[in-house]
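J.: After the structure tokens below, expect a handful of questions from me.
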Amino acid sequence: MRKLVSLIVMFIASITMLMAQNRTVTGVVTSAEDGETVIGASVVVTGTTIGTTTDIEGNFSLSVPQDAQTLTVSYIGLTTQVVKIGKGKLSIVLSSDEEVLDEVVVTGYGVTKRKAFTGSATTVGSEQLRARADANAINSLEGSVPGLQMNMTTGQPGAQANVFIRGRNSLNSGTQPLYVIDGVPINSDAMGGGSGISPMASINSADIETMTVLKDATATSIYGARAANGVIVITTKRGQSGKPKTNFNMRLGFQTLPVFKKDYQVVNSAQYWELAEEALLNHYKDDPNRSYIGRYGYSADIAGADELIGDFYGYDKKAGIDTDWMAESTRNGFFQEYGVDVSGGGANENAPKYFTSFNYLSQDGFMLGKDLERYSFRLNLDHKPSKWIGYGANANVSYTQINNGLGGGYFSDPLTQVYMLNPNIPVRDENGEYVLDTNTDYNPVALKDPKRGNKDIQKNWHVLGSAYITINLMKDLVFKSQVSMDAHLVDELSYTGFLASEGAEENGYSTQRNIMRTLGNITNTLNYLTDFKEDHHVNLLLGQESNQTHLKNSNASVSNYPVDDLIEQTLASSYTGASTAQYDLCLNSFFANAQYDYANKYYASASWRRDGSSRFGKNNRWANFWSVGAKYRISAEDFMKSTENWLTNMTIRASYGTTGNQEVGQNTFANGEGSTSAWYSARNLYGFGTNYNGQPGSYHMQTGNQDLKWEQTNKFNVGIDLSLFNRVDLTVEYYNHVTSDMVFAVPTSLTTGLGETYQNLGELTNKGWEFQSTIGLIRNNKLTWDLTLNAAFNKNEMTKMASSGAIVSGQQIIEVGYPIYEFYQQEWAGVDPQTGEGMWYLNETGTETTKDYNQAKKRHLGCASPKWQGSISSALKWNGFDLSVQFNFATGGKIYGNCLRYDEQSGASWMDTFTNYVYDNRWKSPQEPGNGQVPKMTAASTSWNKASSRFLMDGDYFKFKNLTVGYSIPKKLLKKAYLNSARVYFTGENLFTTSAKNYRGTDPASVNAAGTMWWNYPQPRIFTFGLSVGF
Amino acid sequence: MSLALVGAVSSCDMDTDIYQYKDAEGAFSSVKDLSNAINGAYYYTGYYGFMGRDVVAIGDIMSGLCKGSEAKGWYAAIGSYSITTSEAEFKRAYSTCYKVIDQTTRIINNGQGVIGAEQFIDEAYGLRALSNWYLVNLFALPYHSGENSLGIVLVDEAPIEPFQELHRATVGETYKLIEKDLNAAIAGFQKDGDRGAFYMNLGAAQALKARVALDKKDYSSAASAAQAAIAWKGTGAADAADNIPSNDTYLTMWFTGAATVAESQEDIFTIVQSSADNNGSSSLSTLYGSYENTLSIWTESVFDKENDIRWQLIDQEAACGLQPMKYRGTSTSIYANNLPVFRKSEMALILAEAYAQQGDLAQAKNYLTFTAKRNAKFESEILPTLTSANDIMAFLQNERIREFIGEGHYWFDARRLGYKVQSNYYNEFDIQKFMLPIPEDEMSANVGIEQNTEWSNNVPKK
């Protein structure tokens, strides 16, 4: 049928050609995405008004003047193409806007062509973002951006992830990147108590068009003061000329506990009895008089041990109770999301363009009583009523509510309790009442009882609004002014109820927190863009910015509630505290940027910024930052003509420059009440609140340092970009970051009354390699298959420090010549095969062992940061079907299982529970020594559970992060239903993780950057089904 | 928002407002400032790093009198001497004591000449002496081990500046500073008066002076200072004839059932912990409550369970074991417990010890009886058996346990008198040879402070 139509068209066309001095061009327009024909695409003779649109079959026929050379073919959402008018029927394939992304880089205060960009940046498009069912869109960057390390310490809904771009670039100051949405810098600190709500979790990921991670000096220096840790620039969708388009999205699914190793699962009741009996009997054997059996006169056999356990703890071996606390504390958490957006603009360029959306998302965690609910609304508006003036506004309003309770890792958190509670304790007694008198005094199911349990209800209103005006002062000179406000209002009531032991002691208590945090920003820029003598392109930018943050916290605490299921504070009888506090920050800046390129071959850029911040003393308030970058497209040279057919692109680029960090003191914790306020780091301050006997008190809070100045990171970057056979894209980059004048929380003698003070001392380097390659294995109209490989290597090293000595902090050490997260602890030498007792290495080197923990010296034992990390992903499209998978990996880092000191204890906590690792590998006798790592069971207090490398593990993992299978219904069928597009899809996330053999935990990727594992809430396993329909 | 749009250039004010702090310059310019500062010093004295928990808990738990719960993990490792230089409790005790020392030194320096602030300065001297006494007795060897052994870093004329080179003084020098401060406090209180038992006062300064003299085996000074403290309290002579407080009052003063805790007939210096400001779950109340710290296995044997009223202050109902019941809170908050620092009963027992050591058995028994008659059979059955100074000293060892259990005295008693102590984990531990290590974080400052190199060689042999 299609052929017949074409024949007729061609026949008519040839007649037309004969009839006029014109000739007729015919062709068909298809979409690269699905191979379907495009209906209604505009086909215009370039530079004229002669044009037509494609018909229902995607065909067009156009009578063109004899001298016409090219046609411009365009369609909304697809890349406009200019094609040569050749002989015969044209076949034009339009790629989607998604692919256009690679062509443009959104950088500081503007957009630049990827071609002209001398820096280092990685862009992630909306399709990739939407593959994840996560309230926090930032989480989808995990594994997708080389050089970006993401640590999700908690997988709780809406929680904040820690992001390092090219390593940790500061020790005691801010380490997190700057986030910029639609040209507006935003607050990125988590809001509220506990693990809080990430501000990014209040942004609807469906609104996001692109996310660009800026890494090197060229890309980031223009952000000066806040750029040392990289910048993540987000743009949201905007309306385009043309008739209104409506999209509806729906997504339903559930999340579950991820599958993890048997080694880290707790024992059942029968196994517990075996271990507990063994512990009591071994204790008796070793020390009869002090052992429980000996002291209290029980018989030294299994019956005696069972009797003792029954008398002391009430566990009854014969009762057959075998509570699976993990199963009791977890569930299938329901996920649902509904969104609709409408976008469009008038037919001509002067009409307003709009994008508006509404989205509802609700996510129940897999642990009881942890959930998130969000409503978000957006309106983006652009209007250029005349050639000279334009304006627009962006508004994002969202309401997010979470009820997570304290974050994972706390003692009363359900996950912690799973690893503490004995399987012989039932959840409820015979009357159906919660059993509260457990071995830990907590019952996680009771704690999370929806009516009477603990609550931490956090409500967050987030308003992000901006307005801009542009004035074309001259043909090539544009003035732009943008004003914005990023505001969070948090209302949080955190209640500890009667079902928690500490709550019962006070008849319940609660804290009401109100937080108002605003960030106002004004940016004024002058932009001059011109081309001269055809091949010279110049882009100049001059700007000025002012940025002010204000924070106000209010707290009120009460205790002694009359009832256990109403939590408003007005009910309580004791008022235990009330406070308010306010903080201000101010940042003023001037900046300039210049870009020049010649003949699309040679590119150069330079930037400068001058920042002044209120965080510093008057002496050093202002600082200058700058960068230079250059790029050379070798493949565009004439002498490369011979390789043109296989070497499509070969470019080398390099940049150097400086960036700053003003968040001094953000990452330190001073002693006790003498906590330091990072907002006023330079000042010598007294604080209040140390009251006594009803009278106000004061204390010396921080010493301050008027000479405190900017921390500076010098960044060098060199990269090469290759495109081969139009199929293989390869980018390789090397970087070297040197952070100098690093603000150190220099430990001071505690005799000063304070533990530390800030000084600009110390130097830190991050050096690394990044590789990114996309290989088009198959690319034709029916089938495309792309494979993408990402890998990054980073080496972090302290190169200079405040004093000659190292700083030992917990299980790690900060020392010249070592990375920041270097483990430094006693090295476990395994179990004495004869006695089953634990041993450590005695000296800093050598193989001599000791059984006295106090005598064992600490050793350097490796670093928490992975050496290599990256991902492998594949995207396949065939006949409307799409299938994509992503695997993430990390290798070379260590994880210290702080929680294993309890989970794998052999000793006095024998009445709690144990993990399978202990059950399977413990020393039983010289004949059955287990794996040589787990000491014998005992009820005596031992030092074997003390911090040592017994609990230090390899953090390597390979994770099946994402699977998406979709089907787009053919346009032909849709037409009949008056639809533009329709896709159904399924996603599976975090499907499985393989980890190192010695790893015992739920997820090696859900550990903080310091590599310290507690009872972290792991990343959930999520399954969703989605439907998106466009009208 | 103070963003101003002026033409095309906007800016904000970089001298940002400070809303809840005060610049150090001028922080001590008024009587009110000094009042705030001395309240801060009391706050830290009652903080859980000091008298609010850690120093008191170390006193009873590291001396083997009480023990931590392995299941709960609080003080369990410390009690069994599975310790390192980085124990949080040691660091907190060290840093909190120095916080008080730093704060009081600032008050003494800046308050000179401020009319109306005289009492605050007197109190500051007293609190500084108190902190120094606890520090030197935790982190150095006892006085009798030798005046020239390593003491602590002294803060005298001026607060310590960051990065100042520091060295530990000797134990002898430390005691000299304590005595100097106490004399200044006593002279000051005699001139300016004091604010009663909830603040450092004349009686408290005398009480500490009595402890110091006892450490130095200067028994006559100890006796006269203790007498002065008792006289300051004014509720009787603390001897055999004195019945204040009565047995009933004595028992109820630990838990009145009221919403606030009033000054008791025993209090010479007591830190107030109200419902509004207390250490919450970091308190002694939690430690000897839901954290399940209990008496060691041998400790109950020192009590005459039938006749001694003080056995009633041991909780025998708790499933975890026997717990001291001195911190059970008020009717509205279990955390609101006044923290006794010096009591009349301690002065009586100091007198008993001082007289026994001097061979005045009659006076020794006279003062011993003040507390010992809380056992109804003491005067009829036990007192007649005490026929020598050695008898009295031996009885005194357990009498002080009965009287002060939960108040953290035993560590100091055992080190002063050279007791070999026992616990669930060890027997016959010569505790006077042991001292806490200087915290690792303090050593990290690298300003010259010497570590106690011998600490790990003198932990109990298990």
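Lettering and numbering for the structure tokens are positional, with chains as A, B, ... in the shown order, residues counted from 1 in each chain, and ligands counted from 1 in the shown order.
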Counting only C-alpha atoms, which residues of chain B fall within 6 Å of chain A, and what is the closest atom pair for each with its distance in Å at one decimal, ordered by chain and rising number, as a tab-separated table?
T.:
residue	atom	partner	partner_atom	distance
B:Ser10	CA	A:Ser546	CA	6.0
B:Ser11	CA	A:Ser546	CA	5.0
B:Cys12	CA	A:Cys586	CA	6.0
B:Met14	CA	A:Ser614	CA	4.5
B:Thr16	CA	A:Asp584	CA	6.0
B:Tyr19	CA	A:Gln582	CA	5.8
B:Tyr21	CA	A:Gly687	CA	4.8
B:Lys22	CA	A:Tyr686	CA	5.1
B:Asp23	CA	A:Leu685	CA	4.7
B:Ala24	CA	A:Leu685	CA	5.0
B:Asn36	CA	A:Gly697	CA	4.1
B:Ala37	CA	A:Ser698	CA	4.9
B:Asn39	CA	A:Gly697	CA	4.7
B:Gly40	CA	A:Gly697	CA	4.4
B:Tyr43	CA	A:Tyr692	CA	5.5
B:Glu70	CA	A:Ala908	CA	5.4
B:Ala71	CA	A:Ser909	CA	4.8
B:Ser82	CA	A:Ser943	CA	6.0
B:Ser95	CA	A:Leu750	CA	5.4
B:Tyr98	CA	A:Thr751	CA	5.2
B:Lys99	CA	A:Gly753	CA	4.2
B:Asp102	CA	A:Gly753	CA	5.5
B:Ile160	CA	A:Thr752	CA	4.9
B:Pro162	CA	A:Thr748	CA	5.6
B:Val272	CA	A:Asn693	CA	6.0
B:Ala276	CA	A:Thr576	CA	4.8
B:Glu442	CA	A:Ser749	CA	5.5
B:Ser444	CA	A:Ile807	CA	5.6
B:Ala445	CA	A:Thr748	CA	4.9
J.: Within stretch 40-159 of chain B, find each residue whose DSSP state, derived from the backbone, is helix (DSSP H, G or I), and express the selection as number ranges by chain.
T.: B: 40-46, 54-61, 76-79, 88-111, 118-139, 143-145
J.: Could you check the closest approach to B:Asn293 for each of B:Val31, B:Ile244, B:Leu65, B:Val100 and tell me which residue wins, using only C-alpha atoms?
T.: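 Of B:Val31, B:Ile244, B:Leu65, B:Val100, the one nearest B:Asn293, counting only C-alpha atoms, is B:Leu65.
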J.: List the neighbours of A:Ile1022 out to 8 Å using only C-alpha atoms; skip same-chain residues closer than 2 positions along the sequence, and give me the result as a list in words.
T.: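 What passes the distance filter is Ala133, Gly253, Phe254, Gln255, Thr256, Thr987, Gly988, Glu989, Asn990, Leu991, Pro1020 and Thr1024 of chain A.
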J.: Restricting the output to all heavy atoms, write the selected residues as a PDB file, in the first residue's frame.
T.:
ATOM      1  N   ALA A 133      12.845   4.797  40.012  1.00  0.00           N
ATOM      2  CA  ALA A 133      11.681   5.132  40.830  1.00  0.00           C
ATOM      3  C   ALA A 133      12.192   5.626  42.172  1.00  0.00           C
ATOM      4  O   ALA A 133      12.334   4.869  43.115  1.00  0.00           O
ATOM      5  CB  ALA A 133      10.796   3.907  41.012  1.00  0.00           C
ATOM      6  N   GLY A 253       4.190   0.376  41.825  1.00  0.00           N
ATOM      7  CA  GLY A 253       5.137  -0.689  42.119  1.00  0.00           C
ATOM      8  C   GLY A 253       5.323  -0.861  43.596  1.00  0.00           C
ATOM      9  O   GLY A 253       4.521  -0.394  44.400  1.00  0.00           O
ATOM     10  N   PHE A 254       6.383  -1.534  43.945  1.00  0.00           N
ATOM     11  CA  PHE A 254       6.654  -1.754  45.358  1.00  0.00           C
ATOM     12  C   PHE A 254       8.143  -1.907  45.587  1.00  0.00           C
ATOM     13  O   PHE A 254       8.888  -2.219  44.674  1.00  0.00           O
ATOM     14  CB  PHE A 254       5.901  -2.978  45.880  1.00  0.00           C
ATOM     15  CG  PHE A 254       6.265  -4.261  45.198  1.00  0.00           C
ATOM     16  CD1 PHE A 254       7.239  -5.086  45.737  1.00  0.00           C
ATOM     17  CD2 PHE A 254       5.649  -4.627  44.002  1.00  0.00           C
ATOM     18  CE1 PHE A 254       7.584  -6.260  45.102  1.00  0.00           C
ATOM     19  CE2 PHE A 254       6.000  -5.803  43.362  1.00  0.00           C
ATOM     20  CZ  PHE A 254       6.967  -6.626  43.908  1.00  0.00           C
ATOM     21  N   GLN A 255       8.561  -1.652  46.828  1.00  0.00           N
ATOM     22  CA  GLN A 255       9.965  -1.848  47.176  1.00  0.00           C
ATOM     23  C   GLN A 255      10.087  -2.891  48.273  1.00  0.00           C
ATOM     24  O   GLN A 255       9.198  -3.043  49.107  1.00  0.00           O
ATOM     25  CB  GLN A 255      10.651  -0.546  47.574  1.00  0.00           C
ATOM     26  CG  GLN A 255      10.175   0.116  48.830  1.00  0.00           C
ATOM     27  CD  GLN A 255      11.202   1.156  49.320  1.00  0.00           C
ATOM     28  OE1 GLN A 255      11.880   0.936  50.298  1.00  0.00           O
ATOM     29  NE2 GLN A 255      11.282   2.299  48.651  1.00  0.00           N
ATOM     30  N   THR A 256      11.179  -3.623  48.221  1.00  0.00           N
ATOM     31  CA  THR A 256      11.410  -4.678  49.208  1.00  0.00           C
ATOM     32  C   THR A 256      12.828  -4.581  49.731  1.00  0.00           C
ATOM     33  O   THR A 256      13.660  -3.870  49.177  1.00  0.00           O
ATOM     34  CB  THR A 256      11.239  -6.082  48.592  1.00  0.00           C
ATOM     35  OG1 THR A 256      12.323  -6.295  47.679  1.00  0.00           O
ATOM     36  CG2 THR A 256       9.927  -6.230  47.858  1.00  0.00           C
ATOM     37  N   THR A 987      10.254  -1.386  35.345  1.00  0.00           N
ATOM     38  CA  THR A 987      11.630  -1.215  35.806  1.00  0.00           C
ATOM     39  C   THR A 987      11.878  -2.042  37.052  1.00  0.00           C
ATOM     40  O   THR A 987      11.005  -2.198  37.900  1.00  0.00           O
ATOM     41  CB  THR A 987      11.971   0.259  36.158  1.00  0.00           C
ATOM     42  OG1 THR A 987      11.142   0.653  37.244  1.00  0.00           O
ATOM     43  CG2 THR A 987      11.787   1.193  34.996  1.00  0.00           C
ATOM     44  N   GLY A 988      13.067  -2.563  37.126  1.00  0.00           N
ATOM     45  CA  GLY A 988      13.523  -3.253  38.329  1.00  0.00           C
ATOM     46  C   GLY A 988      14.815  -2.584  38.755  1.00  0.00           C
ATOM     47  O   GLY A 988      15.688  -2.347  37.918  1.00  0.00           O
ATOM     48  N   GLU A 989      14.908  -2.260  40.034  1.00  0.00           N
ATOM     49  CA  GLU A 989      16.101  -1.564  40.492  1.00  0.00           C
ATOM     50  C   GLU A 989      16.784  -2.325  41.596  1.00  0.00           C
ATOM     51  O   GLU A 989      16.130  -2.954  42.418  1.00  0.00           O
ATOM     52  CB  GLU A 989      15.720  -0.199  41.057  1.00  0.00           C
ATOM     53  CG  GLU A 989      15.564   0.842  39.998  1.00  0.00           C
ATOM     54  CD  GLU A 989      15.217   2.158  40.619  1.00  0.00           C
ATOM     55  OE1 GLU A 989      16.050   2.682  41.364  1.00  0.00           O
ATOM     56  OE2 GLU A 989      14.117   2.638  40.377  1.00  0.00           O
ATOM     57  N   ASN A 990      18.084  -2.205  41.618  1.00  0.00           N
ATOM     58  CA  ASN A 990      18.883  -2.832  42.666  1.00  0.00           C
ATOM     59  C   ASN A 990      18.552  -4.328  42.742  1.00  0.00           C
ATOM     60  O   ASN A 990      18.203  -4.845  43.790  1.00  0.00           O
ATOM     61  CB  ASN A 990      18.607  -2.127  44.004  1.00  0.00           C
ATOM     62  CG  ASN A 990      19.681  -2.412  45.021  1.00  0.00           C
ATOM     63  OD1 ASN A 990      20.811  -2.738  44.678  1.00  0.00           O
ATOM     64  ND2 ASN A 990      19.322  -2.311  46.284  1.00  0.00           N
ATOM     65  N   LEU A 991      18.647  -4.989  41.619  1.00  0.00           N
ATOM     66  CA  LEU A 991      18.143  -6.350  41.536  1.00  0.00           C
ATOM     67  C   LEU A 991      19.018  -7.363  42.258  1.00  0.00           C
ATOM     68  O   LEU A 991      18.518  -8.224  42.943  1.00  0.00           O
ATOM     69  CB  LEU A 991      17.954  -6.741  40.068  1.00  0.00           C
ATOM     70  CG  LEU A 991      16.883  -5.877  39.383  1.00  0.00           C
ATOM     71  CD1 LEU A 991      16.812  -6.165  37.901  1.00  0.00           C
ATOM     72  CD2 LEU A 991      15.520  -6.098  40.028  1.00  0.00           C
ATOM     73  N   PRO A1020      16.821   0.084  48.581  1.00  0.00           N
ATOM     74  CA  PRO A1020      15.754  -0.894  48.390  1.00  0.00           C
ATOM     75  C   PRO A1020      15.819  -1.549  47.009  1.00  0.00           C
ATOM     76  O   PRO A1020      16.470  -1.057  46.092  1.00  0.00           O
ATOM     77  CB  PRO A1020      14.488  -0.067  48.531  1.00  0.00           C
ATOM     78  CG  PRO A1020      14.892   1.318  48.178  1.00  0.00           C
ATOM     79  CD  PRO A1020      16.328   1.465  48.584  1.00  0.00           C
ATOM     80  N   THR A1024       8.644  -1.488  39.419  1.00  0.00           N
ATOM     81  CA  THR A1024       7.519  -0.620  39.067  1.00  0.00           C
ATOM     82  C   THR A1024       7.027  -0.918  37.651  1.00  0.00           C
ATOM     83  O   THR A1024       7.784  -1.368  36.788  1.00  0.00           O
ATOM     84  CB  THR A1024       7.885   0.883  39.114  1.00  0.00           C
ATOM     85  OG1 THR A1024       8.961   1.116  38.216  1.00  0.00           O
ATOM     86  CG2 THR A1024       8.255   1.330  40.496  1.00  0.00           C
TER      87      THR A1024
END
J.: Do you know which residues are at most 7 Å from A:Arg983 counting only C-alpha atoms, after dropping those on the same chain fewer than 6 positions away, and could you put them as an mmCIF file with N, CA and C atoms, in the first residue's frame?
T.:
data_model
loop_
_atom_site.group_PDB
_atom_site.id
_atom_site.type_symbol
_atom_site.label_atom_id
_atom_site.label_comp_id
_atom_site.auth_asym_id
_atom_site.auth_seq_id
_atom_site.Cartn_x
_atom_site.Cartn_y
_atom_site.Cartn_z
ATOM 1 N N GLY A 966 10.461 -1.687 27.960
ATOM 2 C CA GLY A 966 9.315 -0.864 27.579
ATOM 3 C C GLY A 966 8.815 -1.205 26.193
ATOM 4 N N TYR A 967 7.609 -0.779 25.942
ATOM 5 C CA TYR A 967 7.063 -0.932 24.595
ATOM 6 C C TYR A 967 6.296 0.336 24.233
ATOM 7 N N SER A 968 6.675 0.930 23.109
ATOM 8 C CA SER A 968 5.965 2.114 22.635
ATOM 9 C C SER A 968 5.000 1.687 21.544
ATOM 10 N N ILE A 969 3.762 2.046 21.714
ATOM 11 C CA ILE A 969 2.733 1.637 20.748
ATOM 12 C C ILE A 969 2.952 2.402 19.448
ATOM 13 N N LEU A 1027 3.174 3.722 32.823
ATOM 14 C CA LEU A 1027 2.455 4.015 31.585
ATOM 15 C C LEU A 1027 2.621 5.493 31.333
ATOM 16 N N SER A 1028 3.050 5.875 30.110
ATOM 17 C CA SER A 1028 3.044 7.301 29.796
ATOM 18 C C SER A 1028 2.345 7.494 28.455
ATOM 19 N N VAL A 1029 1.488 8.483 28.460
ATOM 20 C CA VAL A 1029 0.657 8.745 27.286
ATOM 21 C C VAL A 1029 0.776 10.213 26.944
#
J.: Could you pull out the residues in stretch 170-371 of chain B that DSSP calls strand (DSSP E or B) from the backbone, as a list in words?
T.: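 Reading the DSSP output for stretch 170-371 of chain B, strand (DSSP E or B) covers Thr170, Asp267, Ile268, Phe269, Thr270, Ile271, Thr294, Leu295, Asp308, Ile314, Asp315, Gln323, Pro324, Leu339, Pro340, Val341, Phe342 and Arg343 of chain B.
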J.: Find the residues around A:Gly125 up to 7 Å (only C-alpha atoms counted), leave out those fewer than 3 positions away in its own chain, and share them as an mmCIF file with N, CA and C atoms, in the first residue's frame.
T.:
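File produced: around16.cif:
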data_model
loop_
_atom_site.group_PDB
_atom_site.id
_atom_site.type_symbol
_atom_site.label_atom_id
_atom_site.label_comp_id
_atom_site.auth_asym_id
_atom_site.auth_seq_id
_atom_site.Cartn_x
_atom_site.Cartn_y
_atom_site.Cartn_z
ATOM 1 N N GLU A 98 16.544 14.260 22.945
ATOM 2 C CA GLU A 98 17.428 13.580 23.889
ATOM 3 C C GLU A 98 18.847 13.538 23.361
ATOM 4 N N GLN A 128 17.095 8.830 31.127
ATOM 5 C CA GLN A 128 17.888 8.104 32.112
ATOM 6 C C GLN A 128 17.400 8.396 33.538
ATOM 7 N N LEU A 129 17.008 9.659 33.758
ATOM 8 C CA LEU A 129 16.536 10.034 35.086
ATOM 9 C C LEU A 129 15.241 9.314 35.429
ATOM 10 N N GLU A 209 14.853 18.264 32.479
ATOM 11 C CA GLU A 209 15.235 18.037 31.084
ATOM 12 C C GLU A 209 16.639 17.426 31.048
ATOM 13 N N THR A 210 17.576 18.085 31.748
ATOM 14 C CA THR A 210 18.937 17.564 31.787
ATOM 15 C C THR A 210 19.553 17.819 33.147
ATOM 16 N N MET A 211 20.544 17.004 33.439
ATOM 17 C CA MET A 211 21.371 17.217 34.618
ATOM 18 C C MET A 211 22.799 17.160 34.135
#
J.: Would you please work out which residue, of B:Thr294, B:Thr170, B:Ser145, B:Asn109, is nearest to B:Tyr125 when using only C-alpha atoms?
T.: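 Ranked by minimum distance to B:Tyr125, first place goes to B:Asn109.
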J.: From the list A:Gly453, A:Pro244, A:Pro157, A:Gly40, which residue is nearest A:Ser343 when using only C-alpha atoms?
T.: A:Pro244
J.: Nearest residue to B:Ile78 out of B:Gly64, B:Gly193, B:Pro324, B:Gly234, using only C-alpha atoms?
T.: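 With only C-alpha atoms as the atom set, the closest residue is B:Gly64.
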J.: Find the residues around B:Gln112 up to 12 Å (only C-alpha atoms counted), leave out those fewer than 6 positions away in its own chain, and share them as a PyMOL selection string.
T.: chain B and resi 28-31+34+105-106+118-122+124
J.: Nearest to B:Tyr335 among B:Gln312, B:Ser282, B:Gln20, B:Thr387, with distances taken over only C-alpha atoms: which residue is it?
T.: B:Ser282
J.: Considering only C-alpha atoms, return as a PyMOL selection string whatever protein or nucleic-acid residues lie within 9 Å of B:Leu349, sequence-local ones (same chain, fewer than 6 positions apart) excluded.
T.: chain B and resi 364+367-371+396+399-400
J.: Tell me which of A:Lys459, A:Lys387, A:Lys971, A:Arg922 sits closest to A:Val490, counting only C-alpha atoms.
T.: A:Lys459
